[in-house]
$ cat protein13.txt   # compact mmCIF, C-alpha atoms and all ligand atoms
# COMPACT_ATOMS: atom_id res chain seq x y z
CA MET A 1395 -44.31 86.46 187.26
CA ALA A 1396 -43.63 83.74 189.86
CA ARG A 1397 -45.07 80.28 189.28
CA ALA A 1398 -46.30 78.19 192.17
CA SER A 1399 -46.30 74.89 190.25
CA ALA A 1400 -42.84 73.55 191.21
CA PRO A 1401 -40.09 74.65 193.54
CA GLY A 1402 -37.30 76.57 191.83
CA ARG A 1403 -33.68 75.48 191.60
CA PHE A 1404 -30.77 76.82 193.59
CA ILE A 1405 -27.40 77.31 191.86
CA THR A 1406 -24.26 78.58 193.60
CA LEU A 1407 -20.95 79.78 192.18
CA GLU A 1408 -17.84 79.27 194.28
CA GLY A 1409 -14.08 79.66 194.06
CA GLY A 1410 -11.13 81.73 195.18
CA GLU A 1411 -10.46 85.42 194.60
CA GLY A 1412 -10.48 86.78 191.05
CA ALA A 1413 -12.06 83.69 189.49
CA GLY A 1414 -14.79 85.74 187.82
CA LYS A 1415 -17.73 84.41 189.86
CA SER A 1416 -19.67 87.67 189.97
CA VAL A 1417 -19.50 88.24 186.20
CA GLN A 1418 -20.43 84.64 185.52
CA ALA A 1419 -23.29 84.73 188.05
CA ARG A 1420 -24.71 87.75 186.20
CA ARG A 1421 -24.31 86.07 182.82
CA LEU A 1422 -25.93 82.87 184.05
CA ALA A 1423 -28.88 84.74 185.56
CA ALA A 1424 -29.37 86.61 182.27
CA ARG A 1425 -29.26 83.38 180.28
CA LEU A 1426 -31.81 81.71 182.56
CA ARG A 1427 -34.07 84.76 182.24
CA GLU A 1428 -33.78 84.58 178.45
CA SER A 1429 -35.04 81.01 178.76
CA GLY A 1430 -38.20 82.38 180.40
CA LEU A 1431 -37.40 81.79 184.06
CA THR A 1432 -37.82 84.20 186.96
CA VAL A 1433 -34.38 84.45 188.54
CA VAL A 1434 -33.11 85.94 191.78
CA LEU A 1435 -29.43 86.90 191.48
CA THR A 1436 -27.88 87.20 194.90
CA ARG A 1437 -24.57 86.99 196.75
CA GLU A 1438 -22.85 86.14 200.02
CA PRO A 1439 -22.04 87.57 202.38
CA GLY A 1440 -25.17 89.62 201.79
CA GLY A 1441 -28.28 89.13 199.69
CA SER A 1442 -30.74 90.54 202.25
CA PRO A 1443 -30.69 93.82 204.21
CA GLY A 1444 -29.62 92.11 207.45
CA ALA A 1445 -26.87 90.11 205.76
CA GLU A 1446 -25.60 93.11 203.78
CA ALA A 1447 -25.10 94.95 207.09
CA LEU A 1448 -22.95 92.06 208.33
CA ARG A 1449 -21.03 92.05 205.01
CA GLU A 1450 -19.65 95.49 205.78
CA ILE A 1451 -18.45 94.40 209.21
CA ILE A 1452 -16.82 91.20 207.97
CA LEU A 1453 -15.14 92.42 204.77
CA SER A 1454 -13.77 95.59 206.35
CA GLY A 1455 -11.68 93.28 208.54
CA GLU A 1456 -13.37 94.58 211.68
CA ALA A 1457 -14.41 91.04 212.67
CA ALA A 1458 -10.97 89.48 212.12
CA ARG A 1459 -10.23 90.13 215.81
CA TYR A 1460 -12.76 87.39 216.69
CA GLY A 1461 -10.74 84.79 214.76
CA ALA A 1462 -11.89 82.22 212.21
CA LEU A 1463 -14.62 80.92 214.54
CA GLY A 1464 -16.06 84.37 215.17
CA GLU A 1465 -16.04 85.10 211.45
CA ALA A 1466 -17.66 81.74 210.68
CA LEU A 1467 -20.44 82.59 213.16
CA LEU A 1468 -20.97 85.96 211.50
CA PHE A 1469 -21.04 84.43 207.99
CA SER A 1470 -23.54 81.89 209.31
CA ALA A 1471 -25.74 84.57 210.89
CA ALA A 1472 -25.71 86.43 207.57
CA ARG A 1473 -26.57 83.17 205.76
CA ILE A 1474 -29.56 82.48 208.01
CA ASP A 1475 -30.97 85.91 207.21
CA HIS A 1476 -30.19 85.51 203.50
CA ILE A 1477 -32.01 82.17 203.36
CA ASP A 1478 -35.01 83.36 205.37
CA ALA A 1479 -35.46 86.68 203.61
CA THR A 1480 -34.38 85.94 200.05
CA ILE A 1481 -33.54 82.37 199.01
CA ALA A 1482 -36.27 80.23 200.59
CA PRO A 1483 -39.19 82.50 199.63
CA ALA A 1484 -37.97 82.65 196.01
CA LEU A 1485 -37.53 78.87 195.72
CA ARG A 1486 -40.94 78.27 197.27
CA CYS A 1487 -42.68 80.24 194.55
CA GLY A 1488 -40.84 78.53 191.71
CA GLU A 1489 -38.13 81.11 191.08
CA TRP A 1490 -34.54 80.08 190.35
CA VAL A 1491 -31.82 81.44 192.62
CA VAL A 1492 -28.23 82.10 191.51
CA SER A 1493 -25.91 82.95 194.40
CA ASP A 1494 -22.39 84.30 194.11
CA ARG A 1495 -20.90 82.21 197.00
CA PHE A 1496 -22.72 80.19 199.68
CA LEU A 1497 -21.85 77.45 202.18
CA ASP A 1498 -18.72 76.14 200.42
CA SER A 1499 -17.00 79.48 201.03
CA THR A 1500 -17.35 78.94 204.79
CA ARG A 1501 -16.02 75.39 204.44
CA ALA A 1502 -13.01 76.58 202.42
CA TYR A 1503 -12.16 79.99 203.94
CA GLN A 1504 -12.99 79.51 207.62
CA GLY A 1505 -12.92 75.69 207.76
CA ILE A 1506 -9.86 74.64 205.76
CA ALA A 1507 -7.88 77.87 205.34
CA GLY A 1508 -8.92 79.13 208.81
CA ARG A 1509 -8.22 75.68 210.31
CA LEU A 1510 -11.50 75.27 212.14
CA ASP A 1511 -12.51 71.85 213.34
CA PRO A 1512 -14.42 70.13 210.47
CA GLY A 1513 -17.05 68.79 212.90
CA LEU A 1514 -17.72 72.30 214.12
CA VAL A 1515 -18.05 73.64 210.56
CA ALA A 1516 -20.44 70.81 209.69
CA SER A 1517 -22.58 71.54 212.78
CA LEU A 1518 -22.68 75.22 211.96
CA GLU A 1519 -23.72 74.37 208.42
CA ARG A 1520 -26.56 72.16 209.66
CA VAL A 1521 -27.84 74.97 211.87
CA ALA A 1522 -27.46 77.77 209.32
CA VAL A 1523 -28.40 76.00 206.10
CA GLY A 1524 -30.62 73.10 207.17
CA ALA A 1525 -32.27 71.64 204.09
CA CYS A 1526 -31.62 74.67 201.90
CA ARG A 1527 -28.84 72.97 199.91
CA PRO A 1528 -27.81 74.06 196.42
CA ASP A 1529 -29.04 71.85 193.56
CA LEU A 1530 -25.87 72.68 191.65
CA THR A 1531 -22.56 74.28 192.63
CA LEU A 1532 -20.18 75.57 189.97
CA VAL A 1533 -16.65 75.83 191.31
CA LEU A 1534 -14.55 78.23 189.24
CA ASP A 1535 -10.92 77.21 189.40
CA LEU A 1536 -7.68 78.92 188.48
CA PRO A 1537 -4.16 79.11 189.94
CA ALA A 1538 -4.14 81.23 193.11
CA ALA A 1539 -1.48 83.64 191.83
CA GLU A 1540 -3.49 84.28 188.67
CA GLY A 1541 -6.67 84.91 190.64
CA LEU A 1542 -4.94 87.31 193.00
CA ALA A 1543 -3.42 89.22 190.06
CA ARG A 1544 -6.86 89.55 188.48
CA ALA A 1545 -8.40 90.68 191.79
CA THR A 1546 -5.64 93.28 192.24
CA ALA A 1547 -6.10 94.62 188.69
CA ARG A 1548 -9.89 94.81 189.15
CA ARG A 1549 -9.59 96.63 192.47
CA GLY A 1550 -7.31 99.39 191.14
CA GLU A 1551 -6.44 101.88 193.88
CA ALA A 1552 -8.93 100.49 196.42
CA ALA A 1553 -7.63 98.63 199.48
CA ALA A 1554 -7.66 94.80 199.54
CA ASP A 1555 -10.58 93.43 201.54
CA ARG A 1556 -10.26 91.07 204.50
CA PHE A 1557 -9.36 87.90 202.56
CA GLU A 1558 -7.74 89.32 199.42
CA GLY A 1559 -5.07 90.64 201.78
CA GLU A 1560 -4.03 87.14 202.94
CA ASP A 1561 -0.79 85.67 201.53
CA LEU A 1562 -0.36 83.36 198.54
CA ALA A 1563 -0.10 80.23 200.71
CA PHE A 1564 -3.57 80.99 202.15
CA HIS A 1565 -5.01 81.30 198.63
CA GLU A 1566 -3.30 78.11 197.46
CA THR A 1567 -4.84 76.30 200.44
CA LEU A 1568 -8.20 77.71 199.44
CA ARG A 1569 -7.84 76.42 195.91
CA ARG A 1570 -7.09 72.93 197.20
CA ALA A 1571 -10.06 73.17 199.56
CA PHE A 1572 -12.47 73.97 196.72
CA LEU A 1573 -11.02 71.15 194.58
CA ALA A 1574 -11.52 68.75 197.50
CA ILE A 1575 -15.15 69.85 197.85
CA VAL A 1576 -15.81 69.04 194.16
CA GLU A 1577 -14.16 65.67 194.58
CA ALA A 1578 -16.16 64.87 197.72
CA GLU A 1579 -19.53 65.92 196.27
CA PRO A 1580 -19.50 65.19 192.54
CA ASP A 1581 -23.29 64.95 192.34
CA ARG A 1582 -23.71 68.54 193.48
CA CYS A 1583 -20.52 70.18 192.19
CA VAL A 1584 -19.00 70.80 188.77
CA LEU A 1585 -15.46 72.09 188.32
CA ILE A 1586 -15.16 74.91 185.78
CA ASP A 1587 -11.80 75.99 184.40
CA ALA A 1588 -11.82 79.77 184.92
CA ARG A 1589 -8.69 80.48 182.81
CA PRO A 1590 -10.29 80.78 179.34
CA SER A 1591 -12.09 83.92 178.10
CA GLU A 1592 -15.23 85.16 179.85
CA GLY A 1593 -17.37 83.88 176.96
CA GLU A 1594 -15.79 80.43 177.01
CA VAL A 1595 -16.28 80.13 180.77
CA ALA A 1596 -19.92 81.22 180.37
CA ALA A 1597 -20.41 78.52 177.71
CA ALA A 1598 -18.90 75.86 180.00
CA ILE A 1599 -21.20 76.97 182.81
CA TRP A 1600 -24.27 76.85 180.57
CA ALA A 1601 -23.31 73.36 179.38
CA ALA A 1602 -23.01 72.23 183.03
CA VAL A 1603 -26.40 73.73 183.92
CA ARG A 1604 -28.06 72.05 180.93
CA SER A 1605 -26.42 68.74 181.72
CA ARG A 1606 -27.23 68.75 185.45
CA LEU A 1607 -30.55 70.61 185.54
CA GLY A 1608 -31.79 70.18 181.96
CA GLU A 1609 -34.94 68.37 182.98
CA ALA A 1610 -35.93 71.01 185.52
CA LEU A 1611 -35.05 73.73 183.01
CA ASN A 1612 -37.26 72.18 180.33
CA ALA A 1613 -40.13 71.62 182.74
CA ALA A 1614 -39.93 75.18 184.10
CA THR A 1615 -39.64 76.83 180.70
CA ALA A 1616 -42.47 74.70 179.27
CA THR A 1617 -44.82 76.11 181.92
CA SER A 1618 -43.45 79.67 181.88
CA PRO A 1619 -45.94 82.34 180.83
P1 LIG A 1701 -16.51 88.66 197.24
O1 LIG A 1701 -17.89 89.20 197.22
O2 LIG A 1701 -15.54 89.54 196.53
O3 LIG A 1701 -16.41 87.25 196.82
O4 LIG A 1701 -16.04 88.76 198.76
C1 LIG A 1701 -16.50 87.92 199.72
C2 LIG A 1701 -15.32 87.52 200.57
O5 LIG A 1701 -15.78 86.85 201.74
C3 LIG A 1701 -14.36 86.58 199.87
O6 LIG A 1701 -13.04 86.92 200.21
C4 LIG A 1701 -14.69 85.23 200.46
C5 LIG A 1701 -15.18 85.58 201.84
N1 LIG A 1701 -16.14 84.63 202.40
C6 LIG A 1701 -15.75 83.81 203.45
O7 LIG A 1701 -14.61 83.88 203.89
N2 LIG A 1701 -16.67 82.95 203.97
C7 LIG A 1701 -17.95 82.85 203.52
O8 LIG A 1701 -18.75 82.05 204.02
C8 LIG A 1701 -18.34 83.71 202.42
C9 LIG A 1701 -19.73 83.64 201.89
C10 LIG A 1701 -17.40 84.58 201.90

$ encode --input "protein13.txt" --output "structure tokens" --more "lines below"
Ligand code: TMP
Amino acid sequence: MARASAPGRFITLEGGEGAGKSVQARRLAARLRESGLTVVLTREPGGSPGAEALREIILSGEAARYGALGEALLFSAARIDHIDATIAPALRCGEWVVSDRFLDSTRAYQGIAGRLDPGLVASLERVAVGACRPDLTLVLDLPAAEGLARATARRGEAAADRFEGEDLAFHETLRRAFLAIVEAEPDRCVLIDARPSEGEVAAAIWAAVRSRLGEALNAATATSP
């Protein structure tokens, strides 16, 4: 049951392709639930009916014809809907939100790798995200070639989506972009080595959550029903 006593906390997982974000987001949500919290596990692009509709359009590659700016606008439109319909209401009633990707993906994919003007990306972020900033961002890092190999193995026979299909140089640029984000915002971001086993990565993530949000975690679990 949702508690109205304190706002919830917002955790995002970020990184390149094949870093294991989705699995780790699920594991983290389960661990938080075991601690007694009410957790919304969500993802971008998507996480609300309106944003999921845009996900199809973007990831099919249909929107690539509008260029990096057009795609950034679509990701931002999806984000506005996701925040309004899913994230903000959950946080307001004391739930914790774990999102598989959020604003840093736009900064890295459309901003740095897509070579959009940083001022434009920052303005877009202000409009789309406003004050709804993550309390903690876990950036899962591994060499681009390793991530792409994992993504290819996971996909099997299915076709690569819009960004998986980009070349290695694009994915190496992305990796550097995410590393730069962690360096620029050390209070919000924690770098997680995504190369070890799934269990070891989950343990590193849990240690980061306890270290950064331990107080909020203790306060929320102390009042949980
Ligand atoms: P994923 O669900 O497999 O991570 O796929 C989402 C894809 O969309 C991934 O390639 C990253 C990309 N993406 C962006 O380019 N910009 C964004 O703002 C977001 C949220 C995702």

$ residues_around --input "protein13.txt" --residues "A:Arg1527" --least-positions-apart "3" --cutoff "8 Å" --atoms "only C-alpha atoms" --output "list in words"
Phe1404, Val1523 and Gly1524 of chain A

$ write_last_selection --input "protein13.txt" --atoms "C-alpha atoms" --output "PDB file, keeping the file's coordinate frame"
ATOM      1  CA  PHE A1404     -30.770  76.820 193.590  1.00  0.00           C
ATOM      2  CA  VAL A1523     -28.400  76.000 206.100  1.00  0.00           C
ATOM      3  CA  GLY A1524     -30.620  73.100 207.170  1.00  0.00           C
TER       4      GLY A1524
END

$ residues_around --input "protein13.txt" --residues "A:Ser1442" --least-positions-apart "5" --cutoff "7 Å" --atoms "only C-alpha atoms" --output "number ranges by chain"
A: 1475-1476, 1479-1480

$ closest_residue --input "protein13.txt" --among "A:Arg1421, A:Phe1564, A:Gly1488, A:Arg1556" --to "A:Arg1459" --atoms "all atoms listed in the file"
A:Arg1556

$ atom_distance --input "protein13.txt" --atom1 "atom CA of A:Cys1583" --atom2 "atom CA of A:Ala1543"
25.7 Å

$ closest_atom_pairs --input "protein13.txt" --of "stretch 1440-1525 of chain A" --to "stretch 1426-1436 of chain A" --cutoff "12 Å" --atoms "only C-alpha atoms" --output "tab-separated table"
residue	atom	partner	partner_atom	distance
A:Gly1440	CA	A:Thr1436	CA	7.8
A:Gly1441	CA	A:Thr1436	CA	5.2
A:Ser1442	CA	A:Thr1436	CA	8.6
A:Pro1443	CA	A:Thr1436	CA	11.8
A:Ala1445	CA	A:Thr1436	CA	11.3
A:Glu1446	CA	A:Thr1436	CA	10.9
A:Arg1473	CA	A:Thr1436	CA	11.7
A:His1476	CA	A:Thr1436	CA	9.1
A:Ile1477	CA	A:Thr1436	CA	10.7
A:Ala1479	CA	A:Thr1436	CA	11.6
A:Thr1480	CA	A:Val1434	CA	8.4
A:Ile1481	CA	A:Val1434	CA	8.1
A:Ala1482	CA	A:Val1434	CA	11.0
A:Pro1483	CA	A:Val1434	CA	10.5
A:Ala1484	CA	A:Val1434	CA	7.2
A:Leu1485	CA	A:Val1434	CA	9.2
A:Cys1487	CA	A:Thr1432	CA	9.8
A:Gly1488	CA	A:Thr1432	CA	8.0
A:Glu1489	CA	A:Thr1432	CA	5.2
A:Trp1490	CA	A:Val1433	CA	4.7
A:Val1491	CA	A:Val1434	CA	4.8
A:Val1492	CA	A:Leu1435	CA	4.9
A:Ser1493	CA	A:Thr1436	CA	4.7
A:Asp1494	CA	A:Thr1436	CA	6.3
A:Arg1495	CA	A:Thr1436	CA	8.8
A:Phe1496	CA	A:Thr1436	CA	9.9

$ residues_near_ligand --input "protein13.txt" --ligand "ligand LIG 1701 (chain A)" --cutoff "6 Å" --atoms "only C-alpha atoms and all ligand atoms" --output "tab-separated table (two decimals) with C-alpha atoms, in the coordinates of the input"
chain	number	residue	atom	x	y	z
A	1438	GLU	CA	-22.85	86.14	200.02
A	1439	PRO	CA	-22.04	87.57	202.38
A	1469	PHE	CA	-21.04	84.43	207.99
A	1495	ARG	CA	-20.90	82.21	197.00
A	1496	PHE	CA	-22.72	80.19	199.68
A	1497	LEU	CA	-21.85	77.45	202.18
A	1499	SER	CA	-17.00	79.48	201.03
A	1500	THR	CA	-17.35	78.94	204.79
A	1503	TYR	CA	-12.16	79.99	203.94
A	1504	GLN	CA	-12.99	79.51	207.62
A	1557	PHE	CA	-9.36	87.90	202.56
A	1558	GLU	CA	-7.74	89.32	199.42

$ closest_residue --input "protein13.txt" --among "A:Arg1501, A:Ala1413, A:Arg1449, A:Arg1425" --to "A:Leu1611" --atoms "all atoms listed in the file"
A:Arg1425

$ closest_residue --input "protein13.txt" --among "A:Ala1563, A:Ile1575, A:Leu1568, A:Leu1542" --to "A:Gly1414" --atoms "all atoms listed in the file"
A:Leu1542

$ residues_around --input "protein13.txt" --residues "A:Arg1589" --least-positions-apart "3" --cutoff "10 Å" --atoms "all atoms listed in the file" --output "number ranges by chain"
A: 1413-1414, 1534-1537, 1540-1541, 1586, 1592, 1594-1595

$ closest_residue --input "protein13.txt" --among "A:Leu1453, A:Leu1448, A:Val1515, A:Ala1502" --to "A:Gly1410" --atoms "all atoms listed in the file"
A:Ala1502

$ closest_residue --input "protein13.txt" --among "A:Leu1585, A:Ala1447, A:Ala1539, A:Ala1571" --to "A:Gly1505" --atoms "all atoms listed in the file"
A:Ala1571

$ atom_distance --input "protein13.txt" --atom1 "atom CA of A:Ala1553" --atom2 "atom CA of A:Thr1567"
22.5 Å

$ atom_distance --input "protein13.txt" --atom1 "atom CA of A:Ala1462" --atom2 "atom CA of A:Arg1509"
7.7 Å

$ axis_aligned_box --input "protein13.txt" --around "stretch 1533-1549 of chain A" --padding-each-side "6 Å" --output "lines of an AutoDock Vina configuration file"
center_x = -9.1
center_y = 86.2
center_z = 190.8
size_x = 27.2
size_y = 32.8
size_z = 16.6
